[in-house]
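Participant: The structure follows.
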Amino acid sequence: MSQKNQFDRVAPVYDGLSKLVFGSALINAQKKNLVNVPLSANVLVVGGGSGEILCDDLLNKVKHIDYVELSAKMLRKAKVRCNSAKVNFIHADIAELTGSYDAVVANFFLDCFDAESLEEMVIHLKSLMSPNAVLLVTDFKQPQMLWHKVLLASMLKFFKHASNLEAGKLQPIRQKLKAAGFNEHYLSFGLRGFVFTAAFKLVKK
Ligand SMILES: C[S@@+](CC[C@H](N)C(=O)[O-])C[C@H]1O[C@@H](n2cnc3c(N)ncnc32)[C@H](O)[C@@H]1O
């Protein structure tokens, strides 16, 4: 497997593993952020995996969702889970996408990349956002507790082996976004500070 971040192999077990280790904490942390999605928005969900975020709370609020997934198996699961005319399921590398969105949702996606690719990805996501758009991110943050450090190291090792994960370590995602010109206007933490949920807008020049 030479290509990076290939989640097809883990797609059948991804949700089960997540629930086993974290219960509902990860999806609950993501759902908290939906309050920041503007009404009738044109939304991009990038790397949404098996589609748990495509819940009624999001669907009822928005006009349209482009759901872009690199993994065909993850995308298939998302399609089965959510049969809505509002969602356009796109099997693609987000790097190939062009467009302009009112909201971009990137949950547990930016943690897939090493420092250089993360910077490139952030610039690309910026290019997909309309001037007043919001970027919603839920992801892991640098762990303080020993148990979280052990868990993070195990996850990185597992996904390196199973998905050829590019990231060798967790990048400081919020700091990188701020350095790239994003203003954080909403922030909360879950799992005793191991997970953050944040909403960003582009700083106006
Ligand atoms: C760690 S999983 C997170 C899935 C989901 N967002 C969640 O919270 O459970 C990362 C997802 O990003 C997708 N992905 C990775 N690189 C991608 C890319 N370049 N373009 C689109 N999707 C990508 C993977 O296929 C995978 O489903």
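By convention in this document, the chains of the structure tokens carry letters A, B, ... by their order, each chain's residues are numbered from 1, and ligands are numbered from 1 in the order they are shown.
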Using only C-alpha atoms and all ligand atoms, which residues of the polymer chains come no farther than 7 Å from ligand 1? I'd like the answer as an MDAnalysis selection string.

Facilitator: chainID A and resid 5:7 27 46:50 68:71 74 92:95 106:109 112

Participant: For A:Asn164, find every residue with an atom within 8 Å (counting only C-alpha atoms), except residues of its own chain fewer than 3 positions away, and show them as a list in words.

Facilitator: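 With the cut-off at 8 Å, the set is Met1, Ser2, Gln3, Lys4, Asn5, Gln6, Phe159, Lys160 and His161 of chain A.
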
Participant: Find the residues around stretch 21-26 of chain A up to 8 Å (only C-alpha atoms counted), leave out those fewer than 2 positions away in its own chain, and share them as number ranges by chain.

Facilitator: A: 17-19, 28-30, 190-191, 195

Participant: If you run DSSP on this backbone, which residues of stretch 7-122 of chain A come out as strand (DSSP E), and could you give them as a list in words?

Facilitator: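 Taking stretch 7-122 of chain A and keeping strand (DSSP E) only, one gets Asn42, Val43, Leu44, Val45, Val46, His64, Ile65, Asp66, Tyr67, Val68, Glu69, Val87, Asn88, Phe89, Ile90, His91, Tyr101, Asp102, Ala103, Val104 and Val105 of chain A.
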
Participant: Just to confirm, what's the straight-line distance from atom CA of A:Ala133 to atom CA of A:Gly193 in Å (one decimal)?

Facilitator: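 We find that atom CA of A:Ala133 and atom CA of A:Gly193 lie 26.6 Å from each other.
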
Participant: Might you pull out every residue within 12 Å of A:Lys204, with only C-alpha atoms counted and same-chain residues fewer than 5 positions away left off, and present them as a ChimeraX atom specification?

Facilitator: /A:130-133,181-183

Participant: Counting only C-alpha atoms, figure out which residue out of A:Arg81, A:His148, A:His124, A:Lys176 gets nearest to A:Asp56.

Facilitator: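 Among the listed residues, the smallest separation from A:Asp56 belongs to A:Arg81.
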
Participant: Considering only C-alpha atoms, return as a PyMOL selection string whatever protein or nucleic-acid residues lie within 12 Å of A:Cys55, sequence-local ones (same chain, fewer than 2 positions apart) excluded.

Facilitator: chain A and resi 27-28+30-31+34+48+50-53+57-62+65+78+81-84+87

Participant: Just to confirm, what's the straight-line distance from atom CA of A:Leu202 to atom CA of A:Ser188 in Å (one decimal)?

Facilitator: 19.1 Å

Participant: Have a look at atom CA of A:His91 and atom CA of A:Asp8 and let me know their distance in Å, one decimal.

Facilitator: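 Interatomic distance here is 12.2 Å.
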
Participant: Extract, using only C-alpha atoms, all DNA, RNA and protein residues at most 12 Å from A:Ala153, discarding same-chain residues fewer than 2 positions from it, and format them as a list in words.

Facilitator: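 Contacts, with the query itself left out: Gln142, Pro143, Leu146, Trp147, His148, Lys149, Val150, Leu151, Met155, Leu156, Lys157, Phe158, Phe159, Lys160, Ala167, Gly168, Lys169 and Leu170 of chain A.
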
Participant: Atoms to include: all heavy atoms. Write the selected residues as a short mmCIF file (atom, residue, chain, number, x, y, z; two decimals), in the first residue's frame.

Facilitator:
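Generated output (again_11.cif):
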```cif
data_model
loop_
_atom_site.label_atom_id
_atom_site.label_comp_id
_atom_site.auth_asym_id
_atom_site.auth_seq_id
_atom_site.Cartn_x
_atom_site.Cartn_y
_atom_site.Cartn_z
N GLN A 142 -3.18 17.59 21.72
CA GLN A 142 -2.01 17.02 22.39
C GLN A 142 -2.39 16.54 23.79
O GLN A 142 -2.86 17.34 24.61
CB GLN A 142 -0.88 18.06 22.48
CG GLN A 142 0.16 17.95 21.39
CD GLN A 142 -0.38 18.23 20.00
OE1 GLN A 142 -1.36 18.92 19.85
NE2 GLN A 142 0.23 17.66 18.99
N PRO A 143 -2.23 15.24 24.06
CA PRO A 143 -2.68 14.70 25.34
C PRO A 143 -1.77 15.11 26.50
O PRO A 143 -0.56 15.25 26.34
CB PRO A 143 -2.61 13.19 25.13
CG PRO A 143 -1.65 12.98 24.01
CD PRO A 143 -1.65 14.21 23.17
N LEU A 146 -1.43 10.50 30.97
CA LEU A 146 -0.65 9.34 30.51
C LEU A 146 -1.51 8.38 29.68
O LEU A 146 -1.09 7.93 28.61
CB LEU A 146 -0.04 8.62 31.71
CG LEU A 146 0.77 7.36 31.37
CD1 LEU A 146 1.98 7.70 30.51
CD2 LEU A 146 1.20 6.62 32.63
N TRP A 147 -2.73 8.13 30.16
CA TRP A 147 -3.62 7.19 29.47
C TRP A 147 -3.91 7.68 28.05
O TRP A 147 -3.93 6.90 27.10
CB TRP A 147 -4.89 7.00 30.30
CG TRP A 147 -6.06 6.43 29.57
CD1 TRP A 147 -7.29 6.99 29.47
CD2 TRP A 147 -6.13 5.19 28.84
NE1 TRP A 147 -8.12 6.19 28.71
CE2 TRP A 147 -7.42 5.08 28.31
CE3 TRP A 147 -5.20 4.19 28.57
CZ2 TRP A 147 -7.83 4.00 27.54
CZ3 TRP A 147 -5.61 3.10 27.78
CH2 TRP A 147 -6.91 3.01 27.28
N HIS A 148 -4.10 8.99 27.88
CA HIS A 148 -4.37 9.54 26.56
C HIS A 148 -3.13 9.46 25.67
O HIS A 148 -3.25 9.23 24.45
CB HIS A 148 -4.85 10.99 26.67
CG HIS A 148 -6.21 11.11 27.29
ND1 HIS A 148 -6.68 12.27 27.87
CD2 HIS A 148 -7.20 10.18 27.44
CE1 HIS A 148 -7.91 12.06 28.33
NE2 HIS A 148 -8.24 10.81 28.09
N LYS A 149 -1.96 9.63 26.27
CA LYS A 149 -0.70 9.51 25.49
C LYS A 149 -0.55 8.09 24.96
O LYS A 149 -0.19 7.89 23.80
CB LYS A 149 0.51 9.87 26.37
CG LYS A 149 0.60 11.35 26.66
CD LYS A 149 1.83 11.68 27.50
CE LYS A 149 1.78 13.15 27.89
NZ LYS A 149 2.79 13.57 28.81
N VAL A 150 -0.85 7.13 25.81
CA VAL A 150 -0.74 5.71 25.41
C VAL A 150 -1.76 5.41 24.31
O VAL A 150 -1.45 4.77 23.29
CB VAL A 150 -0.96 4.78 26.62
CG1 VAL A 150 -1.03 3.32 26.19
CG2 VAL A 150 0.13 4.99 27.66
N LEU A 151 -2.97 5.92 24.50
CA LEU A 151 -4.05 5.69 23.53
C LEU A 151 -3.70 6.31 22.18
O LEU A 151 -3.86 5.68 21.12
CB LEU A 151 -5.34 6.31 24.08
CG LEU A 151 -6.66 5.93 23.43
CD1 LEU A 151 -6.82 4.43 23.37
CD2 LEU A 151 -7.81 6.55 24.23
N MET A 155 -3.22 4.41 18.64
CA MET A 155 -4.05 4.70 17.46
C MET A 155 -3.16 5.02 16.26
O MET A 155 -3.42 4.56 15.14
CB MET A 155 -4.98 5.89 17.75
CG MET A 155 -6.12 5.55 18.68
SD MET A 155 -7.37 6.85 18.74
CE MET A 155 -6.51 8.20 19.50
N LEU A 156 -2.13 5.82 16.49
CA LEU A 156 -1.24 6.18 15.38
C LEU A 156 -0.58 4.93 14.79
O LEU A 156 -0.47 4.77 13.58
CB LEU A 156 -0.17 7.18 15.85
CG LEU A 156 -0.67 8.61 16.11
CD1 LEU A 156 0.41 9.44 16.80
CD2 LEU A 156 -1.08 9.29 14.80
N LYS A 157 -0.18 4.04 15.69
CA LYS A 157 0.48 2.80 15.25
C LYS A 157 -0.52 1.92 14.47
O LYS A 157 -0.19 1.39 13.40
CB LYS A 157 0.97 2.04 16.50
CG LYS A 157 2.17 1.18 16.23
CD LYS A 157 2.80 0.74 17.53
CE LYS A 157 3.89 -0.24 17.22
NZ LYS A 157 4.52 -0.77 18.40
N PHE A 158 -1.72 1.80 15.01
CA PHE A 158 -2.73 0.96 14.36
C PHE A 158 -3.04 1.49 12.95
O PHE A 158 -3.04 0.74 11.96
CB PHE A 158 -4.02 0.92 15.21
CG PHE A 158 -5.17 0.25 14.51
CD1 PHE A 158 -5.23 -1.15 14.43
CD2 PHE A 158 -6.18 0.99 13.90
CE1 PHE A 158 -6.28 -1.77 13.77
CE2 PHE A 158 -7.23 0.37 13.25
CZ PHE A 158 -7.28 -1.02 13.18
N PHE A 159 -3.31 2.82 12.85
CA PHE A 159 -3.71 3.36 11.54
C PHE A 159 -2.52 3.45 10.58
O PHE A 159 -2.71 3.40 9.37
CB PHE A 159 -4.41 4.72 11.70
CG PHE A 159 -5.82 4.58 12.22
CD1 PHE A 159 -6.16 4.97 13.50
CD2 PHE A 159 -6.81 3.99 11.43
CE1 PHE A 159 -7.45 4.81 13.97
CE2 PHE A 159 -8.10 3.82 11.89
CZ PHE A 159 -8.43 4.23 13.17
N LYS A 160 -1.31 3.58 11.12
CA LYS A 160 -0.12 3.52 10.25
C LYS A 160 -0.07 2.15 9.57
O LYS A 160 0.14 2.04 8.36
CB LYS A 160 1.13 3.76 11.10
CG LYS A 160 2.46 3.62 10.39
CD LYS A 160 2.73 4.77 9.44
CE LYS A 160 3.11 6.05 10.14
NZ LYS A 160 3.23 7.20 9.23
N ALA A 167 0.35 10.68 9.04
CA ALA A 167 0.82 11.34 10.26
C ALA A 167 1.63 10.39 11.13
O ALA A 167 1.16 9.31 11.50
CB ALA A 167 -0.38 11.85 11.05
N GLY A 168 2.85 10.82 11.47
CA GLY A 168 3.66 10.05 12.41
C GLY A 168 3.38 10.50 13.83
O GLY A 168 3.62 9.78 14.79
N LYS A 169 2.89 11.74 13.93
CA LYS A 169 2.50 12.27 15.25
C LYS A 169 1.36 13.26 15.06
O LYS A 169 1.12 13.72 13.93
CB LYS A 169 3.69 12.91 15.95
CG LYS A 169 4.24 14.13 15.26
CD LYS A 169 5.33 14.75 16.09
CE LYS A 169 5.72 16.09 15.50
NZ LYS A 169 6.60 16.87 16.30
N LEU A 170 0.70 13.57 16.16
CA LEU A 170 -0.42 14.50 16.09
C LEU A 170 0.10 15.93 15.99
O LEU A 170 0.92 16.36 16.80
CB LEU A 170 -1.28 14.35 17.35
CG LEU A 170 -2.51 15.25 17.43
CD1 LEU A 170 -3.53 14.89 16.36
CD2 LEU A 170 -3.15 15.14 18.82
#
```

Participant: Name all residues at most 12 Å from A:His64 (count only C-alpha atoms; drop same-chain ones fewer than 4 positions away) and give them as a list in words.

Facilitator: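 These residues fall inside the cut-off: Val37, Pro38, Leu39, Ser40, Ala41, Asn42, Val43, Leu44, Val45, Leu54, Leu58, Leu59, Asn60, Ser84, Ala85, Lys86, Val87, Asn88, Phe89, Tyr101, Asp102, Ala103 and Val104 of chain A.
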
Participant: With DSSP run on the backbone, what are the alpha helix (DSSP H) residues within stretch 58-204 of chain A? I'd like them as a PyMOL selection string.

Facilitator: chain A and resi 58-61+72-81+115-127+146-163+173-179
